[in-house]
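What follows is the content of target_22.txt, which has compact mmCIF, C-alpha atoms:
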```txt
# COMPACT_ATOMS: atom_id res chain seq x y z
CA MET A 1 197.95 27.92 -74.09
CA GLN A 2 195.73 24.99 -75.09
CA LEU A 3 197.09 22.96 -72.16
CA ASP A 4 196.31 25.83 -69.80
CA LEU A 5 192.76 26.01 -71.11
CA PHE A 6 192.30 22.26 -70.67
CA TYR A 7 193.69 22.42 -67.12
CA ASP A 8 191.45 25.35 -66.23
CA ASN A 9 188.36 23.53 -67.56
CA GLU A 10 189.47 20.00 -66.75
CA ARG A 11 186.83 19.41 -64.10
CA THR A 12 183.97 20.48 -66.37
CA ILE A 13 185.32 18.56 -69.38
CA ARG A 14 185.90 15.35 -67.45
CA LEU A 15 182.58 15.64 -65.60
CA ASN A 16 180.79 15.95 -68.95
CA LEU A 17 182.65 12.87 -70.20
CA ALA A 18 181.62 11.01 -67.06
CA HIS A 19 177.97 11.96 -67.54
CA ASP A 20 178.07 10.86 -71.19
CA ALA A 21 179.38 7.50 -70.00
CA LEU A 22 176.64 7.24 -67.38
CA LEU A 23 173.90 7.70 -69.98
CA SER A 24 175.06 4.53 -71.72
CA LEU A 25 175.88 2.82 -68.37
CA LYS A 26 179.62 2.65 -69.11
CA LEU A 27 180.33 2.95 -65.43
CA ARG A 28 184.02 1.97 -65.57
CA GLU A 29 184.66 4.89 -67.91
CA ALA A 30 182.75 7.25 -65.61
CA LEU A 31 184.72 6.09 -62.56
CA ARG A 32 187.99 6.68 -64.44
CA GLU A 33 186.97 10.27 -65.15
CA TYR A 34 186.05 10.82 -61.49
CA ARG A 35 189.46 9.51 -60.37
CA LEU A 36 191.23 11.88 -62.76
CA ILE A 37 189.21 14.83 -61.48
CA LEU A 38 189.96 13.94 -57.87
CA LYS A 39 193.71 13.98 -58.51
CA ASN A 40 193.51 17.76 -58.79
CA HIS A 41 190.41 18.26 -56.64
CA PRO A 42 190.70 15.65 -53.86
CA GLY A 43 188.12 17.29 -51.60
CA ASP A 44 185.43 17.90 -54.25
CA LYS A 45 182.24 16.81 -52.43
CA GLU A 46 180.09 16.64 -55.58
CA ILE A 47 182.56 14.36 -57.36
CA LEU A 48 183.08 12.19 -54.28
CA SER A 49 179.31 11.77 -53.91
CA GLU A 50 178.76 10.92 -57.58
CA LYS A 51 181.68 8.49 -57.55
CA LYS A 52 180.20 6.69 -54.55
CA SER A 53 176.77 6.35 -56.23
CA VAL A 54 178.30 5.12 -59.48
CA LYS A 55 180.48 2.57 -57.69
CA THR A 56 177.41 1.24 -55.86
CA TRP A 57 175.45 0.97 -59.09
CA LYS A 58 178.33 -0.74 -60.85
CA GLY A 59 177.98 -3.57 -58.34
CA ARG A 60 174.20 -3.68 -58.66
CA LEU A 61 174.24 -3.86 -62.45
CA GLU A 62 176.93 -6.54 -62.45
CA SER A 63 174.79 -8.59 -60.04
CA TYR A 64 171.69 -8.02 -62.18
CA ARG A 65 173.45 -9.16 -65.35
CA ARG A 66 174.70 -12.34 -63.68
CA SER A 67 171.25 -13.35 -62.46
CA PRO A 68 168.24 -14.72 -64.36
CA HIS A 69 166.15 -11.78 -65.50
CA GLY A 70 162.35 -11.56 -65.47
CA VAL A 71 159.79 -9.07 -64.22
CA GLU A 72 160.56 -9.43 -60.53
CA ARG A 73 164.28 -8.87 -61.06
CA ILE A 74 163.54 -5.80 -63.20
CA HIS A 75 161.18 -4.48 -60.52
CA HIS A 76 163.83 -5.15 -57.86
CA LEU A 77 166.33 -3.07 -59.82
CA TYR A 78 163.74 -0.32 -60.31
CA ARG A 79 163.26 0.07 -56.57
CA TYR A 80 166.86 1.19 -56.03
CA PRO A 81 167.12 4.58 -57.82
CA GLY A 82 166.99 7.54 -55.47
CA ASN A 83 166.73 11.28 -55.93
CA ASP A 84 170.42 11.68 -55.01
CA LEU A 85 171.57 9.81 -58.13
CA PRO A 86 173.39 11.78 -60.82
CA ALA A 87 170.71 12.67 -63.37
CA ALA A 88 172.62 10.98 -66.20
CA LEU A 89 172.91 7.73 -64.23
CA ARG A 90 169.23 7.78 -63.33
CA ARG A 91 168.33 8.26 -66.99
CA GLY A 92 170.65 5.47 -68.00
CA VAL A 93 169.08 3.09 -65.46
CA LEU A 94 165.52 4.03 -66.50
CA SER A 95 166.39 3.44 -70.15
CA LEU A 96 167.76 0.01 -69.21
CA LEU A 97 164.55 -0.85 -67.35
CA VAL A 98 162.47 0.13 -70.39
CA ARG A 99 164.60 -2.04 -72.68
CA GLU A 100 164.32 -4.97 -70.29
CA LEU A 101 160.55 -4.64 -69.90
CA ARG A 102 160.05 -4.51 -73.66
CA LYS A 103 161.59 -8.00 -73.87
CA GLU A 104 158.84 -9.42 -71.66
CA SER A 105 155.54 -10.85 -72.85
CA ALA A 106 152.72 -8.24 -72.90
CA PRO A 107 154.83 -5.50 -71.25
CA GLU A 108 151.88 -3.09 -71.29
CA LEU A 109 150.12 -5.29 -68.70
CA ILE A 110 153.07 -5.46 -66.28
CA PHE A 111 152.27 -3.24 -63.31
CA ARG A 112 153.50 -3.15 -59.73
CA PRO A 113 151.93 -0.43 -57.53
CA PRO A 114 152.37 2.38 -57.10
CA ARG A 115 154.09 3.36 -60.40
CA PHE A 116 156.11 0.54 -61.88
CA HIS A 117 154.83 0.41 -65.47
CA ILE A 118 156.56 0.95 -68.78
CA GLY A 119 154.42 4.05 -69.40
CA CYS A 120 155.50 5.55 -66.07
CA LEU A 121 159.16 4.89 -66.91
CA TYR A 122 158.74 6.74 -70.20
CA MET A 123 157.09 9.57 -68.26
CA GLU A 124 160.15 9.81 -66.01
CA LEU A 125 162.29 9.92 -69.13
CA GLU A 126 160.03 12.75 -70.40
CA GLU A 127 159.25 10.73 -73.53
CA TYR A 128 155.55 11.54 -73.39
CA ALA A 129 154.43 10.28 -76.81
CA GLU A 130 155.87 6.83 -76.00
CA ALA A 131 154.25 6.90 -72.56
CA GLU A 132 150.86 7.80 -74.02
CA GLN A 133 151.01 4.89 -76.47
CA TRP A 134 151.83 2.40 -73.72
CA PHE A 135 149.06 3.67 -71.43
CA ALA A 136 146.59 3.51 -74.32
CA LYS A 137 147.67 -0.05 -75.11
CA ALA A 138 147.35 -1.05 -71.46
CA LEU A 139 143.80 0.33 -71.31
CA GLN A 140 142.88 -1.35 -74.58
CA ASN A 141 143.99 -4.69 -73.16
CA GLY A 142 142.03 -4.29 -69.91
CA ILE A 143 144.61 -3.33 -67.31
CA GLU A 144 143.40 -2.48 -63.80
CA PRO A 145 142.81 -0.13 -62.11
CA GLN A 146 141.29 1.65 -65.10
CA GLY A 147 141.04 5.00 -63.33
CA ARG A 148 144.76 5.12 -62.65
CA PHE A 149 145.75 4.42 -66.25
CA LEU A 150 143.12 6.73 -67.73
CA ALA A 151 144.44 9.57 -65.57
CA TRP A 152 148.06 8.70 -66.37
CA ARG A 153 147.17 8.86 -70.06
CA GLY A 154 145.64 12.27 -69.32
CA ASP A 155 148.94 13.29 -67.73
CA THR A 156 150.87 12.42 -70.89
CA LEU A 157 148.44 14.34 -73.11
CA THR A 158 148.65 17.35 -70.77
CA ARG A 159 152.44 17.33 -71.05
CA MET A 160 152.09 17.10 -74.84
CA GLY A 161 149.79 20.14 -74.93
CA ASP A 162 146.58 18.27 -75.81
CA THR A 163 144.40 19.72 -73.03
CA GLU A 164 141.10 18.65 -74.60
CA GLY A 165 142.20 15.05 -75.07
CA ALA A 166 143.70 14.99 -71.58
CA ARG A 167 140.48 16.17 -69.95
CA GLU A 168 138.49 13.50 -71.76
CA CYS A 169 140.80 10.96 -70.12
CA TYR A 170 140.56 12.60 -66.68
CA LEU A 171 136.77 12.75 -66.96
CA ALA A 172 136.56 9.07 -67.89
CA ALA A 173 138.86 8.21 -64.98
CA PHE A 174 136.71 10.01 -62.41
CA LEU A 175 133.49 8.63 -63.88
CA GLU A 176 134.57 5.01 -64.15
CA ASP A 177 137.02 4.51 -61.28
CA PRO A 178 137.56 7.60 -59.11
CA GLU A 179 139.20 5.64 -56.28
CA GLY A 180 141.82 4.31 -58.67
CA VAL A 181 143.13 7.73 -59.74
CA ASP A 182 146.67 8.66 -58.68
CA LEU A 183 145.93 12.21 -57.53
CA ASP A 184 149.59 13.02 -56.92
CA SER A 185 150.41 12.51 -60.60
CA ILE A 186 147.82 14.83 -62.14
CA SER A 187 149.50 17.30 -64.49
CA ASP A 188 146.55 19.60 -65.32
CA ARG A 189 147.11 22.72 -63.22
CA GLU A 190 143.48 23.88 -63.35
CA LEU A 191 142.26 20.45 -62.26
CA ILE A 192 144.74 20.44 -59.37
CA ASP A 193 143.53 23.91 -58.32
CA LEU A 194 139.90 22.70 -58.39
CA ILE A 195 140.72 19.73 -56.15
CA ASP A 196 142.63 22.03 -53.77
CA ASP A 197 139.68 24.46 -53.65
CA LEU A 198 137.25 21.66 -52.81
CA GLU A 199 139.56 20.39 -50.05
CA MET A 200 139.84 23.90 -48.61
CA ASP A 201 136.05 24.15 -48.61
CA GLY A 202 135.95 21.14 -46.28
CA HIS A 203 134.89 18.42 -48.71
CA GLU A 204 136.03 14.89 -47.92
CA LYS A 205 138.38 13.14 -50.36
CA GLU A 206 135.83 10.45 -51.31
CA GLU A 207 133.21 13.11 -52.03
CA ILE A 208 135.65 15.14 -54.12
CA LEU A 209 136.60 12.14 -56.24
CA SER A 210 133.00 11.14 -56.91
CA ALA A 211 131.76 14.69 -57.57
CA LEU A 212 134.73 15.88 -59.63
CA PRO A 213 133.01 15.28 -63.02
CA VAL A 214 130.21 17.61 -61.84
CA TRP A 215 132.47 20.26 -60.33
CA GLY A 216 134.69 20.03 -63.40
CA TRP A 217 131.71 20.81 -65.63
CA LEU A 218 130.54 23.62 -63.36
CA ARG A 219 134.02 25.20 -63.63
CA GLY A 220 134.21 24.70 -67.39
CA LEU A 221 136.88 21.96 -67.36
CA PHE A 222 134.83 18.92 -68.37
CA SER A 223 132.21 18.28 -71.01
CA LEU A 224 129.02 16.25 -70.61
CA LEU A 225 129.81 13.89 -73.46
CA ARG A 226 130.68 10.25 -73.09
CA HIS A 227 133.10 9.77 -75.95
CA GLY A 228 133.23 6.45 -77.75
CA THR A 229 129.57 5.60 -77.01
CA GLY A 230 126.18 6.29 -78.56
CA ASP A 231 125.89 8.97 -75.89
CA ASP A 232 122.17 8.68 -75.18
CA PRO A 233 121.78 10.50 -71.83
CA ALA A 234 118.29 9.06 -71.24
CA ALA A 235 119.39 5.46 -71.79
CA THR A 236 122.51 5.86 -69.67
CA LEU A 237 120.48 7.39 -66.83
CA VAL A 238 118.00 4.50 -66.89
CA ARG A 239 120.88 2.04 -66.56
CA MET A 240 122.40 4.01 -63.69
CA GLU A 241 119.08 4.30 -61.84
CA ASP A 242 118.68 0.51 -62.06
CA ASP A 243 122.22 -0.13 -60.79
CA PRO A 244 122.15 -0.68 -56.99
CA GLU A 245 125.94 -0.11 -56.81
CA ALA A 246 125.85 3.28 -58.54
CA ALA A 247 127.40 5.97 -56.34
CA PRO A 248 124.97 8.85 -55.65
CA LEU A 249 127.29 11.52 -57.06
CA GLN A 250 127.99 9.49 -60.20
CA LEU A 251 124.24 9.14 -60.61
CA TRP A 252 123.93 12.91 -60.12
CA TYR A 253 126.31 13.46 -63.04
CA GLU A 254 123.98 11.40 -65.24
CA TYR A 255 121.00 13.46 -64.04
CA LEU A 256 123.01 16.55 -64.98
CA ARG A 257 123.73 15.22 -68.47
CA TYR A 258 120.08 14.37 -69.00
CA ALA A 259 118.88 17.72 -67.59
CA GLU A 260 121.17 19.62 -69.97
CA TYR A 261 120.01 17.46 -72.87
CA LEU A 262 116.40 18.32 -71.99
CA ARG A 263 117.20 22.01 -71.53
CA THR A 264 119.23 22.55 -74.69
CA ARG A 265 117.84 20.04 -77.18
CA ARG A 266 114.62 18.30 -76.32
CA ARG A 267 112.90 21.16 -74.46
CA ASP A 268 110.61 18.84 -72.48
CA ASP A 269 109.69 21.08 -69.53
CA ARG A 270 107.66 18.49 -67.61
CA GLU A 271 110.46 15.91 -67.76
CA MET A 272 113.02 18.60 -66.93
CA ILE A 273 111.07 19.52 -63.78
CA ARG A 274 111.04 15.87 -62.71
CA VAL A 275 114.77 15.47 -63.24
CA ARG A 276 115.66 18.71 -61.44
CA LYS A 277 113.62 17.63 -58.43
CA LYS A 278 115.66 14.43 -58.33
CA MET A 279 118.88 16.45 -58.58
CA LYS A 280 117.88 18.75 -55.73
CA ALA A 281 116.87 15.87 -53.47
CA LEU A 282 120.06 13.93 -54.17
CA ALA A 283 122.63 16.75 -53.75
CA PRO A 284 121.19 20.17 -52.73
CA GLU A 285 124.58 21.96 -52.77
CA LEU A 286 125.42 20.80 -56.28
CA PHE A 287 121.91 21.62 -57.43
CA GLU A 288 122.27 25.17 -56.11
CA GLU A 289 125.61 25.56 -57.93
CA TYR A 290 124.03 24.18 -61.09
CA MET A 291 121.16 26.67 -60.98
CA LYS A 292 123.62 29.51 -60.40
CA LYS A 293 125.52 28.46 -63.50
CA LEU A 294 122.26 28.68 -65.45
CA GLY A 295 121.70 32.15 -64.03
CA ILE A 296 118.66 31.10 -61.99
CA THR A 297 119.01 32.60 -58.51
CA ALA A 298 115.37 32.53 -57.39
CA LEU A 299 113.90 29.07 -57.82
CA PRO A 300 110.29 28.61 -58.92
CA PHE A 301 107.86 27.52 -56.21
CA ARG A 302 107.66 24.00 -57.57
CA TYR A 303 111.36 23.37 -56.68
CA ARG A 304 111.03 24.31 -53.05
CA GLY A 305 110.64 21.98 -50.15
```

Let me see the file written as structure tokens.
Amino acid sequence: MQLDLFYDNERTIRLNLAHDALLSLKLREALREYRLILKNHPGDKEILSEKKSVKTWKGRLESYRRSPHGVERIHHLYRYPGNDLPAALRRGVLSLLVRELRKESAPELIFRPPRFHIGCLYMELEEYAEAEQWFAKALQNGIEPQGRFLAWRGDTLTRMGDTEGARECYLAAFLEDPEGVDLDSISDRELIDLIDDLEMDGHEKEEILSALPVWGWLRGLFSLLRHGTGDDPAATLVRMEDDPEAAPLQLWYEYLRYAEYLRTRRRDDREMIRVRKKMKALAPELFEEYMKKLGITALPFRYRG
């Protein structure tokens, strides 16, 4: 009876054994299990396909182990995995790449576009806490582009359920380096929906990236705080106004921060009028949306023209 049960479930049992072997990259053991399955199931397309992939990777890994290692060899190996790989083999290869990168000097600063970085490998392994730590370390040590790594750190925090922390990272990314952000990686569903809405409304990509901190605040996703600084809106605005390279929409965000500071804390009406005039002149559409958010639909005479 036990033999009958083993025979009836042989394929599943041996396939599980093969996948366990793949996780630890014991590819000879996996290939042996595939051969035993194929004795009774010679036309099994799934097994034939997996066996072919594993045999190919056996050769690649043997070649890798015979050659001098180093970042370029690790990157070369990274470029091989495809979506048709058995999931266990892909995980085994990614784990190997992580182990190899950790042997290198300053692994947090090793980056090959578009996504070869130890933090990204941990993301693929769904080990988000590890990924977050490596992205944070990379940012601390000055990796470029900052926007990409800030947003990637936001992705890890989103996956870990820390929405507030994630949005602080996304906000910093779009304020400091919007062009560097990897839009395809963003994990925050509400942020993705906002970007999609702006695209559907006919906004250009460059405009969306630069204005996202403002639109994010208008939709209740982002705050107006610059964390980790003294957060003096007036001083920051003065610096931005004196910066000839400041993008208009990034400058508008600083006008917004200062206007809200004046409205909610300082209550300086004359200065608030001056700032709102600047906001209207610089970006009329955003200014209109801002006034709607404040519940002001009919503008005073002094704002017109």

One decimal, Å: what's the distance from atom CA of Pro42 of chain A over to atom CA of Glu62 of chain A, could you say?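 We find that atom CA of Pro42 of chain A and atom CA of Glu62 of chain A lie 27.5 Å from each other.
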
Residue with the minimum atom-to-atom distance to Ala281 of chain A, picked from A:Gly165, A:Pro248, A:Leu25, A:Glu10 with all atoms listed in the file counted, is A:Pro248

Mind giving me the straight-line distance from atom CA of Trp215 of chain A to atom CA of Leu171 of chain A in Å, one decimal?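 Pair atom CA of Trp215 of chain A / atom CA of Leu171 of chain A returns 10.9 Å.
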
In Å, how far is it from atom CA of Leu15 of chain A to atom CA of Glu127 of chain A?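 Here the two named atoms are 25.1 Å from each other.
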
Pick from A:Met291, A:Leu121, A:Leu139, A:Ala283: nearest to Gln250 of chain A, with all atoms listed in the file counted? A:Ala283

Measuring between only C-alpha atoms, which one of A:Ala173, A:Leu125, A:Val238, A:Leu61 shows the shortest distance to Pro145 of chain A?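 Looking only at the distances to Pro145 of chain A, the closest residue turns out to be A:Ala173.
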
12 Å contact set for Arg73 of chain A, all atoms listed in the file, chain neighbours under 3 positions out, as a PyMOL selection string: chain A and resi 60-61+63-70+76-80+97+100-101+104

Print the selection's residues with C-alpha atoms to a file, as a short mmCIF file (atom, residue, chain, number, x, y, z; two decimals), in the frame of the given file.
```
data_model
loop_
_atom_site.label_atom_id
_atom_site.label_comp_id
_atom_site.auth_asym_id
_atom_site.auth_seq_id
_atom_site.Cartn_x
_atom_site.Cartn_y
_atom_site.Cartn_z
CA ARG A 60 174.20 -3.68 -58.66
CA LEU A 61 174.24 -3.86 -62.45
CA SER A 63 174.79 -8.59 -60.04
CA TYR A 64 171.69 -8.02 -62.18
CA ARG A 65 173.45 -9.16 -65.35
CA ARG A 66 174.70 -12.34 -63.68
CA SER A 67 171.25 -13.35 -62.46
CA PRO A 68 168.24 -14.72 -64.36
CA HIS A 69 166.15 -11.78 -65.50
CA GLY A 70 162.35 -11.56 -65.47
CA HIS A 76 163.83 -5.15 -57.86
CA LEU A 77 166.33 -3.07 -59.82
CA TYR A 78 163.74 -0.32 -60.31
CA ARG A 79 163.26 0.07 -56.57
CA TYR A 80 166.86 1.19 -56.03
CA LEU A 97 164.55 -0.85 -67.35
CA GLU A 100 164.32 -4.97 -70.29
CA LEU A 101 160.55 -4.64 -69.90
CA GLU A 104 158.84 -9.42 -71.66
#
```

Can you list, as a PDB file with C-alpha atoms, in the coordinates of the input, every protein, DNA or RNA residue that comes within 6 Å of segment 153-156 of chain A when you count all atoms listed in the file, leaving out same-chain residues fewer than 2 positions away?
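File around23.pdb, as written:
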```
ATOM      1  CA  TYR A 128     155.550  11.540 -73.390  1.00  0.00           C
ATOM      2  CA  GLU A 132     150.860   7.800 -74.020  1.00  0.00           C
ATOM      3  CA  PHE A 135     149.060   3.670 -71.430  1.00  0.00           C
ATOM      4  CA  LEU A 150     143.120   6.730 -67.730  1.00  0.00           C
ATOM      5  CA  ALA A 151     144.440   9.570 -65.570  1.00  0.00           C
ATOM      6  CA  THR A 158     148.650  17.350 -70.770  1.00  0.00           C
ATOM      7  CA  ARG A 159     152.440  17.330 -71.050  1.00  0.00           C
ATOM      8  CA  ALA A 166     143.700  14.990 -71.580  1.00  0.00           C
ATOM      9  CA  CYS A 169     140.800  10.960 -70.120  1.00  0.00           C
ATOM     10  CA  TYR A 170     140.560  12.600 -66.680  1.00  0.00           C
ATOM     11  CA  ILE A 186     147.820  14.830 -62.140  1.00  0.00           C
ATOM     12  CA  SER A 187     149.500  17.300 -64.490  1.00  0.00           C
TER      13      SER A 187
END
```

Neighbours of point (139.9, 5.8, -55.8) within 12 Å, using only C-alpha atoms, written as a ChimeraX atom specification: /A:145-148,151,173-183,205-210,212

Rank A:Arg11, A:Glu46, A:Leu157, A:Glu72 by their smallest atom-to-atom distance to Glu33 of chain A, using all atoms listed in the file, and report the top residue only.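 Looking only at the distances to Glu33 of chain A, the closest residue turns out to be A:Arg11.
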
Using all atoms listed in the file, find the one residue out of A:Leu249, A:Lys26, A:Lys39, A:Met272 that sits nearest to Lys58 of chain A. A:Lys26

A:His117, A:Lys293, A:Arg35, A:His75 ranked by distance to Arg219 of chain A, top pick (using all atoms listed in the file):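 Among the listed residues, the smallest separation from Arg219 of chain A belongs to A:Lys293.
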
Identify, on the basis of only C-alpha atoms, every residue whose closest approach to Arg276 of chain A does not exceed 9 Å; exclude the query and any residue fewer than 5 positions from it along the same chain; express the result as a JSON list (two decimals) with C-alpha atoms, keeping the file's coordinate frame.
```json
[["chain", "number", "residue", "atom", "x", "y", "z"],
["A", 255, "TYR", "CA", 121.00, 13.46, -64.04],
["A", 256, "LEU", "CA", 123.01, 16.55, -64.98],
["A", 259, "ALA", "CA", 118.88, 17.72, -67.59],
["A", 271, "GLU", "CA", 110.46, 15.91, -67.76],
["A", 281, "ALA", "CA", 116.87, 15.87, -53.47],
["A", 287, "PHE", "CA", 121.91, 21.62, -57.43],
["A", 303, "TYR", "CA", 111.36, 23.37, -56.68]]
```

Could you rebuild segment 98-121 of chain A with N, CA and C atoms and give me the result as a CSV table (one decimal), in the frame of the given file?
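The resulting result25.csv:
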```csv
chain,number,residue,atom,x,y,z
A,98,VAL,N,163.4,0.1,-69.3
A,98,VAL,CA,162.5,0.1,-70.4
A,98,VAL,C,162.9,-1.0,-71.4
A,99,ARG,N,164.1,-1.0,-71.7
A,99,ARG,CA,164.6,-2.0,-72.7
A,99,ARG,C,164.3,-3.4,-72.2
A,100,GLU,N,164.5,-3.7,-70.9
A,100,GLU,CA,164.3,-5.0,-70.3
A,100,GLU,C,162.8,-5.3,-70.3
A,101,LEU,N,162.0,-4.4,-69.9
A,101,LEU,CA,160.6,-4.6,-69.9
A,101,LEU,C,160.0,-5.0,-71.3
A,102,ARG,N,160.5,-4.3,-72.3
A,102,ARG,CA,160.0,-4.5,-73.7
A,102,ARG,C,160.4,-5.9,-74.2
A,103,LYS,N,161.3,-6.6,-73.5
A,103,LYS,CA,161.6,-8.0,-73.9
A,103,LYS,C,160.6,-9.0,-73.3
A,104,GLU,N,159.8,-8.5,-72.3
A,104,GLU,CA,158.8,-9.4,-71.7
A,104,GLU,C,157.6,-9.6,-72.5
A,105,SER,N,156.8,-10.6,-72.2
A,105,SER,CA,155.5,-10.8,-72.8
A,105,SER,C,154.5,-9.9,-72.3
A,106,ALA,N,153.8,-9.2,-73.2
A,106,ALA,CA,152.7,-8.2,-72.9
A,106,ALA,C,153.2,-7.2,-71.9
A,107,PRO,N,154.3,-6.5,-72.2
A,107,PRO,CA,154.8,-5.5,-71.2
A,107,PRO,C,153.8,-4.4,-70.8
A,108,GLU,N,152.9,-4.1,-71.7
A,108,GLU,CA,151.9,-3.1,-71.3
A,108,GLU,C,151.0,-3.5,-70.1
A,109,LEU,N,150.9,-4.8,-69.8
A,109,LEU,CA,150.1,-5.3,-68.7
A,109,LEU,C,150.9,-5.6,-67.4
A,110,ILE,N,152.2,-5.3,-67.5
A,110,ILE,CA,153.1,-5.5,-66.3
A,110,ILE,C,153.0,-4.2,-65.4
A,111,PHE,N,152.5,-4.4,-64.2
A,111,PHE,CA,152.3,-3.2,-63.3
A,111,PHE,C,152.5,-3.7,-61.9
A,112,ARG,N,153.3,-2.9,-61.2
A,112,ARG,CA,153.5,-3.2,-59.7
A,112,ARG,C,153.3,-1.8,-59.1
A,113,PRO,N,152.2,-1.7,-58.2
A,113,PRO,CA,151.9,-0.4,-57.5
A,113,PRO,C,153.1,0.1,-56.7
A,114,PRO,N,153.3,1.4,-56.6
A,114,PRO,CA,152.4,2.4,-57.1
A,114,PRO,C,152.6,2.8,-58.5
A,115,ARG,N,153.9,2.8,-59.1
A,115,ARG,CA,154.1,3.4,-60.4
A,115,ARG,C,155.1,2.6,-61.3
A,116,PHE,N,155.2,1.3,-61.0
A,116,PHE,CA,156.1,0.5,-61.9
A,116,PHE,C,155.3,0.0,-63.1
A,117,HIS,N,155.5,0.8,-64.2
A,117,HIS,CA,154.8,0.4,-65.5
A,117,HIS,C,155.7,1.1,-66.6
A,118,ILE,N,155.7,0.4,-67.7
A,118,ILE,CA,156.6,1.0,-68.8
A,118,ILE,C,156.2,2.4,-69.2
A,119,GLY,N,154.9,2.7,-69.1
A,119,GLY,CA,154.4,4.0,-69.4
A,119,GLY,C,155.0,5.1,-68.4
A,120,CYS,N,155.0,4.7,-67.1
A,120,CYS,CA,155.5,5.6,-66.1
A,120,CYS,C,157.0,5.8,-66.2
A,121,LEU,N,157.7,4.7,-66.7
A,121,LEU,CA,159.2,4.9,-66.9
A,121,LEU,C,159.4,5.9,-68.0
```
